[in-house]
Amino acid sequence: MKNQEAQDLYQPFFEEALLQEIAQFGLKKSVKEGFALMEIGQKVTHMPLMLSGAIKILQEDKEGNDLLLYFIERGDTCAMTLNCCLGNTKSDIRAIAEIDSELLMIPIHLMDEWMVKYPSWRKFVFESYHIRFKEMLQAIDNIAFSNMDERLTKYLLDLASVRGSDTIKITHQEIAVDLHTSRVVVSRLLKKLENKKAIALNRNSIEIIKL
DNA sequence: TCATTAACACGGG
DNA sequence: CCCGTGTTAATGA
């Protein structure tokens, strides 16, 4: 059987016939850490189903600075893609592989067909949309109303979860870019967390002790 | 008050 | 030496 991972992952949710179609039409795609899966303005031709790994979703402001919105992981799909199926087909976001990842690419024209044919697919799409929408609101809330130290804490926890390790290999500068702030601030806040024994700092890596 | 920018010193690879 | 880190001073919101 092709696409065994997809079968295992989605078998509880989808009808047999749908699983068959997924196996038949889905293109398995493996990407390395840092690979740009989607750029702003790029046309959306496939809908990704995450099999493993993690993807970082970024928005860009008018000066061209990145801003981290959220991560998508195993079992997730991309809300932006869903959005694109309802109207225009251009992506508004940038998607970068946070770690090595595997995806199953479904040609977008199948979406409509499956929506009609398979109740489980319809349910999956609406639920995904719902989850992404909530996550988006959270992201907005976080950016608009949280202090930088709260955002930093959440960021570290997200990264640890996404990478499956309490020790994160990253520089202060990279954090600053993701959170859209300056390295001075990141260094200062990290130092504060270290003093509170919440984390341990090393060159090129941060260990989470208790956040 | 707090973030940003620029600048500097320190130290490890 | 280069890069990441920790800090400070000046400036602005």
# chains A, B, ... in the order shown; residues from 1 in each chain; ligands from 1

$ residues_around --residues "stretch 3-10 of chain C" --least-positions-apart "4" --cutoff "10 Å" --atoms "only C-alpha atoms (C1' of nucleotides)" --output "number ranges by chain"
A: 171-173, 183-184, 187-188, 191, 202-204; B: 5-13

$ residues_around --residues "A:Glu98" --least-positions-apart "4" --cutoff "6 Å" --atoms "only C-alpha atoms (C1' of nucleotides)" --output "mmCIF file with N, CA, C and O atoms, in the first residue's frame"
data_model
loop_
_atom_site.group_PDB
_atom_site.id
_atom_site.type_symbol
_atom_site.label_atom_id
_atom_site.label_comp_id
_atom_site.auth_asym_id
_atom_site.auth_seq_id
_atom_site.Cartn_x
_atom_site.Cartn_y
_atom_site.Cartn_z
ATOM 1 N N GLU A 33 14.895 20.947 6.565
ATOM 2 C CA GLU A 33 14.786 22.127 7.420
ATOM 3 C C GLU A 33 15.186 23.383 6.652
ATOM 4 O O GLU A 33 16.189 23.400 5.958
ATOM 5 N N ALA A 54 7.410 19.812 11.092
ATOM 6 C CA ALA A 54 6.726 21.033 11.496
ATOM 7 C C ALA A 54 7.034 22.147 10.509
ATOM 8 O O ALA A 54 8.152 22.248 10.004
ATOM 9 N N ILE A 55 6.032 22.944 10.233
ATOM 10 C CA ILE A 55 6.172 24.063 9.311
ATOM 11 C C ILE A 55 5.881 25.364 10.043
ATOM 12 O O ILE A 55 4.936 25.465 10.811
ATOM 13 N N LYS A 56 6.728 26.337 9.777
ATOM 14 C CA LYS A 56 6.586 27.654 10.387
ATOM 15 C C LYS A 56 5.819 28.554 9.431
ATOM 16 O O LYS A 56 6.169 28.654 8.261
#

$ select_by_dssp --residues "stretch 53-184 of chain A" --states "helix (DSSP H, G or I)" --output "tab-separated table (two decimals) with N, CA, C and O atoms, in the first residue's frame"
chain	number	residue	atom	x	y	z
A	79	ALA	N	-4.56	26.32	6.67
A	79	ALA	CA	-5.79	27.08	6.56
A	79	ALA	C	-5.76	28.01	5.35
A	79	ALA	O	-6.77	28.26	4.72
A	80	MET	N	-4.57	28.49	5.06
A	80	MET	CA	-4.43	29.41	3.94
A	80	MET	C	-4.82	28.71	2.65
A	80	MET	O	-5.48	29.31	1.80
A	81	THR	N	-4.42	27.47	2.54
A	81	THR	CA	-4.78	26.70	1.35
A	81	THR	C	-6.29	26.55	1.26
A	81	THR	O	-6.88	26.70	0.20
A	82	LEU	N	-6.90	26.26	2.39
A	82	LEU	CA	-8.36	26.12	2.41
A	82	LEU	C	-8.99	27.42	1.96
A	82	LEU	O	-9.94	27.43	1.18
A	83	ASN	N	-8.44	28.51	2.45
A	83	ASN	CA	-8.93	29.83	2.09
A	83	ASN	C	-8.85	30.05	0.59
A	83	ASN	O	-9.77	30.57	-0.03
A	84	CYS	N	-7.74	29.63	0.03
A	84	CYS	CA	-7.49	29.84	-1.39
A	84	CYS	C	-8.49	29.08	-2.26
A	84	CYS	O	-8.78	29.49	-3.39
A	85	CYS	N	-9.01	28.00	-1.74
A	85	CYS	CA	-9.97	27.21	-2.50
A	85	CYS	C	-11.31	27.92	-2.60
A	85	CYS	O	-12.14	27.60	-3.46
A	109	HIS	N	-7.77	20.66	-7.19
A	109	HIS	CA	-9.06	20.47	-7.86
A	109	HIS	C	-9.85	19.30	-7.25
A	109	HIS	O	-11.06	19.21	-7.43
A	110	LEU	N	-9.15	18.45	-6.53
A	110	LEU	CA	-9.83	17.31	-5.90
A	110	LEU	C	-10.64	17.72	-4.69
A	110	LEU	O	-11.57	17.02	-4.28
A	111	MET	N	-10.26	18.90	-4.15
A	111	MET	CA	-10.92	19.36	-2.94
A	111	MET	C	-12.44	19.45	-3.11
A	111	MET	O	-13.20	18.96	-2.29
A	112	ASP	N	-12.86	20.12	-4.18
A	112	ASP	CA	-14.28	20.32	-4.45
A	112	ASP	C	-15.00	18.98	-4.57
A	112	ASP	O	-16.04	18.74	-3.95
A	113	GLU	N	-14.38	18.12	-5.36
A	113	GLU	CA	-14.94	16.80	-5.61
A	113	GLU	C	-15.14	16.05	-4.30
A	113	GLU	O	-16.21	15.50	-4.03
A	114	TRP	N	-14.12	16.07	-3.49
A	114	TRP	CA	-14.16	15.32	-2.23
A	114	TRP	C	-15.15	15.93	-1.25
A	114	TRP	O	-15.78	15.22	-0.47
A	115	MET	N	-15.27	17.23	-1.29
A	115	MET	CA	-16.23	17.90	-0.41
A	115	MET	C	-17.63	17.37	-0.64
A	115	MET	O	-18.44	17.25	0.27
A	116	VAL	N	-17.92	17.09	-1.89
A	116	VAL	CA	-19.23	16.58	-2.25
A	116	VAL	C	-19.35	15.09	-1.96
A	116	VAL	O	-20.33	14.62	-1.40
A	117	LYS	N	-18.30	14.36	-2.31
A	117	LYS	CA	-18.35	12.90	-2.23
A	117	LYS	C	-18.21	12.34	-0.82
A	117	LYS	O	-18.78	11.31	-0.49
A	119	PRO	N	-18.34	12.87	3.27
A	119	PRO	CA	-18.69	13.61	4.50
A	119	PRO	C	-17.50	13.77	5.42
A	119	PRO	O	-17.33	14.82	6.06
A	120	SER	N	-16.67	12.77	5.51
A	120	SER	CA	-15.54	12.82	6.44
A	120	SER	C	-14.54	13.89	6.00
A	120	SER	O	-13.90	14.54	6.83
A	121	TRP	N	-14.41	14.06	4.69
A	121	TRP	CA	-13.52	15.10	4.18
A	121	TRP	C	-14.07	16.48	4.50
A	121	TRP	O	-13.35	17.38	4.93
A	122	ARG	N	-15.37	16.62	4.30
A	122	ARG	CA	-16.04	17.88	4.60
A	122	ARG	C	-15.81	18.24	6.08
A	122	ARG	O	-15.45	19.37	6.42
A	123	LYS	N	-16.01	17.25	6.91
A	123	LYS	CA	-15.83	17.44	8.35
A	123	LYS	C	-14.38	17.85	8.65
A	123	LYS	O	-14.13	18.78	9.42
A	124	PHE	N	-13.47	17.14	8.03
A	124	PHE	CA	-12.04	17.42	8.24
A	124	PHE	C	-11.70	18.85	7.85
A	124	PHE	O	-11.02	19.57	8.57
A	125	VAL	N	-12.20	19.28	6.70
A	125	VAL	CA	-11.89	20.63	6.21
A	125	VAL	C	-12.46	21.69	7.14
A	125	VAL	O	-11.78	22.63	7.53
A	126	PHE	N	-13.71	21.50	7.54
A	126	PHE	CA	-14.33	22.49	8.42
A	126	PHE	C	-13.66	22.53	9.78
A	126	PHE	O	-13.44	23.60	10.35
A	127	GLU	N	-13.32	21.37	10.28
A	127	GLU	CA	-12.66	21.32	11.59
A	127	GLU	C	-11.28	21.96	11.54
A	127	GLU	O	-10.89	22.71	12.43
A	128	SER	N	-10.57	21.65	10.47
A	128	SER	CA	-9.24	22.25	10.29
A	128	SER	C	-9.36	23.77	10.23
A	128	SER	O	-8.60	24.49	10.86
A	129	TYR	N	-10.34	24.19	9.46
A	129	TYR	CA	-10.55	25.63	9.30
A	129	TYR	C	-10.84	26.27	10.66
A	129	TYR	O	-10.30	27.31	11.00
A	130	HIS	N	-11.68	25.61	11.39
A	130	HIS	CA	-12.05	26.09	12.72
A	130	HIS	C	-10.83	26.21	13.64
A	130	HIS	O	-10.60	27.23	14.28
A	131	ILE	N	-10.04	25.15	13.64
A	131	ILE	CA	-8.84	25.13	14.50
A	131	ILE	C	-7.86	26.21	14.08
A	131	ILE	O	-7.34	26.95	14.92
A	132	ARG	N	-7.62	26.34	12.78
A	132	ARG	CA	-6.68	27.35	12.27
A	132	ARG	C	-7.18	28.74	12.59
A	132	ARG	O	-6.40	29.62	12.94
A	133	PHE	N	-8.47	28.92	12.44
A	133	PHE	CA	-9.04	30.24	12.69
A	133	PHE	C	-8.84	30.64	14.15
A	133	PHE	O	-8.44	31.75	14.46
A	134	LYS	N	-9.08	29.69	15.03
A	134	LYS	CA	-8.88	29.97	16.45
A	134	LYS	C	-7.41	30.27	16.73
A	134	LYS	O	-7.08	31.16	17.52
A	135	GLU	N	-6.55	29.51	16.08
A	135	GLU	CA	-5.12	29.71	16.29
A	135	GLU	C	-4.69	31.08	15.79
A	135	GLU	O	-3.86	31.74	16.39
A	136	MET	N	-5.31	31.48	14.67
A	136	MET	CA	-5.00	32.80	14.12
A	136	MET	C	-5.42	33.90	15.08
A	136	MET	O	-4.67	34.85	15.32
A	137	LEU	N	-6.58	33.75	15.66
A	137	LEU	CA	-7.04	34.75	16.64
A	137	LEU	C	-6.10	34.80	17.83
A	137	LEU	O	-5.77	35.86	18.34
A	138	GLN	N	-5.68	33.64	18.26
A	138	GLN	CA	-4.72	33.58	19.36
A	138	GLN	C	-3.43	34.29	19.01
A	138	GLN	O	-2.87	35.03	19.83
A	139	ALA	N	-2.98	34.06	17.79
A	139	ALA	CA	-1.73	34.69	17.34
A	139	ALA	C	-1.88	36.21	17.34
A	139	ALA	O	-0.98	36.93	17.80
A	140	ILE	N	-3.01	36.68	16.86
A	140	ILE	CA	-3.25	38.12	16.84
A	140	ILE	C	-3.29	38.67	18.26
A	140	ILE	O	-2.64	39.67	18.58
A	141	ASP	N	-4.02	37.97	19.11
A	141	ASP	CA	-4.13	38.38	20.50
A	141	ASP	C	-2.74	38.45	21.14
A	141	ASP	O	-2.41	39.40	21.83
A	142	ASN	N	-1.97	37.44	20.86
A	142	ASN	CA	-0.62	37.35	21.41
A	142	ASN	C	0.25	38.52	20.97
A	142	ASN	O	0.92	39.17	21.78
A	143	ILE	N	0.20	38.81	19.67
A	143	ILE	CA	1.05	39.87	19.14
A	143	ILE	C	0.59	41.24	19.61
A	143	ILE	O	1.38	42.10	19.95
A	144	ALA	N	-0.74	41.41	19.64
A	144	ALA	CA	-1.27	42.73	19.95
A	144	ALA	C	-1.25	43.06	21.43
A	144	ALA	O	-1.00	44.19	21.81
A	145	PHE	N	-1.52	42.06	22.27
A	145	PHE	CA	-1.76	42.37	23.67
A	145	PHE	C	-0.77	41.79	24.67
A	145	PHE	O	-0.83	42.12	25.85
A	148	MET	N	6.43	41.47	25.48
A	148	MET	CA	7.44	40.70	24.75
A	148	MET	C	7.90	39.48	25.54
A	148	MET	O	8.17	38.44	24.96
A	149	ASP	N	7.97	39.59	26.87
A	149	ASP	CA	8.46	38.44	27.63
A	149	ASP	C	7.48	37.26	27.58
A	149	ASP	O	7.89	36.12	27.52
A	150	GLU	N	6.18	37.58	27.53
A	150	GLU	CA	5.19	36.51	27.38
A	150	GLU	C	5.31	35.86	26.01
A	150	GLU	O	5.21	34.65	25.86
A	151	ARG	N	5.50	36.72	25.00
A	151	ARG	CA	5.63	36.19	23.63
A	151	ARG	C	6.87	35.31	23.52
A	151	ARG	O	6.85	34.27	22.88
A	152	LEU	N	7.93	35.75	24.17
A	152	LEU	CA	9.18	34.98	24.13
A	152	LEU	C	8.99	33.62	24.80
A	152	LEU	O	9.40	32.59	24.26
A	153	THR	N	8.34	33.63	25.95
A	153	THR	CA	8.08	32.38	26.67
A	153	THR	C	7.27	31.42	25.81
A	153	THR	O	7.61	30.25	25.66
A	154	LYS	N	6.20	31.93	25.21
A	154	LYS	CA	5.36	31.11	24.35
A	154	LYS	C	6.16	30.57	23.16
A	154	LYS	O	6.04	29.42	22.78
A	155	TYR	N	6.99	31.45	22.62
A	155	TYR	CA	7.82	31.08	21.46
A	155	TYR	C	8.73	29.91	21.82
A	155	TYR	O	8.85	28.95	21.07
A	156	LEU	N	9.38	30.01	22.98
A	156	LEU	CA	10.30	28.96	23.40
A	156	LEU	C	9.56	27.64	23.62
A	156	LEU	O	10.03	26.58	23.20
A	157	LEU	N	8.39	27.72	24.22
A	157	LEU	CA	7.60	26.51	24.46
A	157	LEU	C	7.15	25.89	23.14
A	157	LEU	O	7.21	24.68	22.96
A	158	ASP	N	6.72	26.74	22.21
A	158	ASP	CA	6.32	26.25	20.89
A	158	ASP	C	7.47	25.54	20.19
A	158	ASP	O	7.31	24.45	19.65
A	159	LEU	N	8.63	26.19	20.23
A	159	LEU	CA	9.78	25.60	19.56
A	159	LEU	C	10.16	24.27	20.18
A	159	LEU	O	10.45	23.31	19.48
A	160	ALA	N	10.16	24.23	21.51
A	160	ALA	CA	10.52	22.99	22.21
A	160	ALA	C	9.54	21.88	21.82
A	160	ALA	O	9.95	20.75	21.54
A	161	SER	N	8.27	22.21	21.77
A	161	SER	CA	7.25	21.23	21.43
A	161	SER	C	7.40	20.76	19.98
A	161	SER	O	7.36	19.57	19.69
A	162	VAL	N	7.60	21.72	19.10
A	162	VAL	CA	7.71	21.41	17.68
A	162	VAL	C	8.96	20.57	17.37
A	162	VAL	O	8.95	19.69	16.54
A	163	ARG	N	10.02	20.86	18.06
A	163	ARG	CA	11.27	20.14	17.80
A	163	ARG	C	11.42	18.91	18.70
A	163	ARG	O	12.38	18.16	18.57
A	172	HIS	N	20.05	34.28	19.48
A	172	HIS	CA	19.17	35.36	19.93
A	172	HIS	C	18.68	36.17	18.72
A	172	HIS	O	17.55	36.65	18.71
A	173	GLN	N	19.56	36.30	17.75
A	173	GLN	CA	19.21	37.08	16.56
A	173	GLN	C	18.02	36.46	15.82
A	173	GLN	O	17.11	37.14	15.39
A	174	GLU	N	18.05	35.11	15.68
A	174	GLU	CA	16.97	34.43	14.98
A	174	GLU	C	15.65	34.60	15.71
A	174	GLU	O	14.59	34.80	15.10
A	175	ILE	N	15.70	34.54	17.02
A	175	ILE	CA	14.50	34.75	17.83
A	175	ILE	C	13.97	36.15	17.59
A	175	ILE	O	12.77	36.35	17.39
A	176	ALA	N	14.89	37.11	17.60
A	176	ALA	CA	14.51	38.51	17.42
A	176	ALA	C	13.78	38.69	16.08
A	176	ALA	O	12.78	39.40	16.01
A	177	VAL	N	14.26	38.03	15.04
A	177	VAL	CA	13.63	38.14	13.73
A	177	VAL	C	12.22	37.55	13.76
A	177	VAL	O	11.27	38.16	13.30
A	178	ASP	N	12.08	36.37	14.35
A	178	ASP	CA	10.77	35.71	14.41
A	178	ASP	C	9.76	36.53	15.21
A	178	ASP	O	8.59	36.59	14.88
A	179	LEU	N	10.23	37.13	16.29
A	179	LEU	CA	9.31	37.88	17.15
A	179	LEU	C	9.22	39.34	16.73
A	179	LEU	O	8.50	40.12	17.34
A	183	ARG	N	17.66	42.21	18.95
A	183	ARG	CA	18.40	41.19	19.69
A	183	ARG	C	18.67	41.64	21.12
A	183	ARG	O	18.70	40.82	22.05
A	184	VAL	N	18.90	42.92	21.31
A	184	VAL	CA	19.15	43.44	22.66
A	184	VAL	C	18.02	43.03	23.61
A	184	VAL	O	18.28	42.56	24.73

$ residues_around --residues "A:Ile108" --least-positions-apart "4" --cutoff "6 Å" --atoms "only C-alpha atoms (C1' of nucleotides)" --output "PDB file with N, CA, C and O atoms, in the first residue's frame"
ATOM      1  N   THR A  45      -1.355  25.330  -5.670  1.00  0.00           N
ATOM      2  CA  THR A  45      -1.794  24.290  -6.592  1.00  0.00           C
ATOM      3  C   THR A  45      -2.120  22.998  -5.866  1.00  0.00           C
ATOM      4  O   THR A  45      -2.866  22.170  -6.373  1.00  0.00           O
ATOM      5  N   HIS A  46      -1.556  22.846  -4.675  1.00  0.00           N
ATOM      6  CA  HIS A  46      -1.795  21.632  -3.910  1.00  0.00           C
ATOM      7  C   HIS A  46      -2.142  21.981  -2.475  1.00  0.00           C
ATOM      8  O   HIS A  46      -1.740  23.005  -1.959  1.00  0.00           O
ATOM      9  N   MET A  47      -2.854  21.062  -1.888  1.00  0.00           N
ATOM     10  CA  MET A  47      -3.157  21.222  -0.477  1.00  0.00           C
ATOM     11  C   MET A  47      -2.299  20.229   0.304  1.00  0.00           C
ATOM     12  O   MET A  47      -2.292  19.047  -0.009  1.00  0.00           O
TER      13      MET A  47
END

$ closest_residue --among "A:Ala17, A:Ala95, A:Cys78, A:Ile208" --to "A:Leu49" --atoms "only C-alpha atoms"
A:Cys78

$ residues_around --residues "B:DA3" --least-positions-apart "5" --cutoff "9 Å" --atoms "only C-alpha atoms (C1' of nucleotides)" --output "list of chain:residue names"
A:Thr181, A:Ser182, A:Val185, C:DA13

$ write_last_selection --atoms "N, CA, C and O atoms (P, O5', C5', C4', C3', O3' and C1' of nucleotides)" --output "PDB file, in the first residue's frame"
ATOM      1  N   THR A 181      11.525  41.822  16.844  1.00  0.00           N
ATOM      2  CA  THR A 181      12.063  42.774  17.805  1.00  0.00           C
ATOM      3  C   THR A 181      13.594  42.795  17.627  1.00  0.00           C
ATOM      4  O   THR A 181      14.110  42.264  16.664  1.00  0.00           O
ATOM      5  N   SER A 182      14.292  43.441  18.565  1.00  0.00           N
ATOM      6  CA  SER A 182      15.750  43.542  18.427  1.00  0.00           C
ATOM      7  C   SER A 182      16.457  42.515  19.310  1.00  0.00           C
ATOM      8  O   SER A 182      15.904  42.047  20.300  1.00  0.00           O
ATOM      9  N   VAL A 185      16.810  43.181  23.133  1.00  0.00           N
ATOM     10  CA  VAL A 185      15.651  42.842  23.958  1.00  0.00           C
ATOM     11  C   VAL A 185      15.617  41.345  24.242  1.00  0.00           C
ATOM     12  O   VAL A 185      15.391  40.917  25.376  1.00  0.00           O
TER      13      VAL A 185
ATOM     14  P    DA C  13       9.741  59.438  17.621  1.00  0.00           P
ATOM     15  O5'  DA C  13       8.645  58.438  18.184  1.00  0.00           O
ATOM     16  C5'  DA C  13       8.795  57.054  18.020  1.00  0.00           C
ATOM     17  C4'  DA C  13       7.906  56.308  19.008  1.00  0.00           C
ATOM     18  C3'  DA C  13       6.538  56.953  19.195  1.00  0.00           C
ATOM     19  O3'  DA C  13       5.534  55.954  19.264  1.00  0.00           O
ATOM     20  C1'  DA C  13       7.664  56.815  21.300  1.00  0.00           C
TER      21       DA C  13
END

$ atom_distance --atom1 "atom C1' of C:DT11" --atom2 "atom CA of A:Val186"
19.7 Å

$ decode --residues "chain C" --atoms "C-alpha atoms (C1' of nucleotides)" --output "PDB file, in the first residue's frame"
ATOM      1  C1'  DC C   1      39.537  36.456  12.889  1.00  0.00           C
ATOM      2  C1'  DC C   2      34.472  35.984  12.924  1.00  0.00           C
ATOM      3  C1'  DC C   3      30.342  35.266  15.291  1.00  0.00           C
ATOM      4  C1'  DG C   4      27.283  35.056  19.215  1.00  0.00           C
ATOM      5  C1'  DT C   5      26.585  37.123  23.437  1.00  0.00           C
ATOM      6  C1'  DG C   6      26.087  40.587  27.226  1.00  0.00           C
ATOM      7  C1'  DT C   7      25.959  45.379  28.244  1.00  0.00           C
ATOM      8  C1'  DT C   8      25.676  50.352  27.960  1.00  0.00           C
ATOM      9  C1'  DA C   9      24.577  55.048  26.184  1.00  0.00           C
ATOM     10  C1'  DA C  10      21.710  57.853  23.392  1.00  0.00           C
ATOM     11  C1'  DT C  11      17.374  58.605  21.393  1.00  0.00           C
ATOM     12  C1'  DG C  12      12.539  58.285  20.605  1.00  0.00           C
ATOM     13  C1'  DA C  13       7.664  56.815  21.300  1.00  0.00           C
TER      14       DA C  13
END
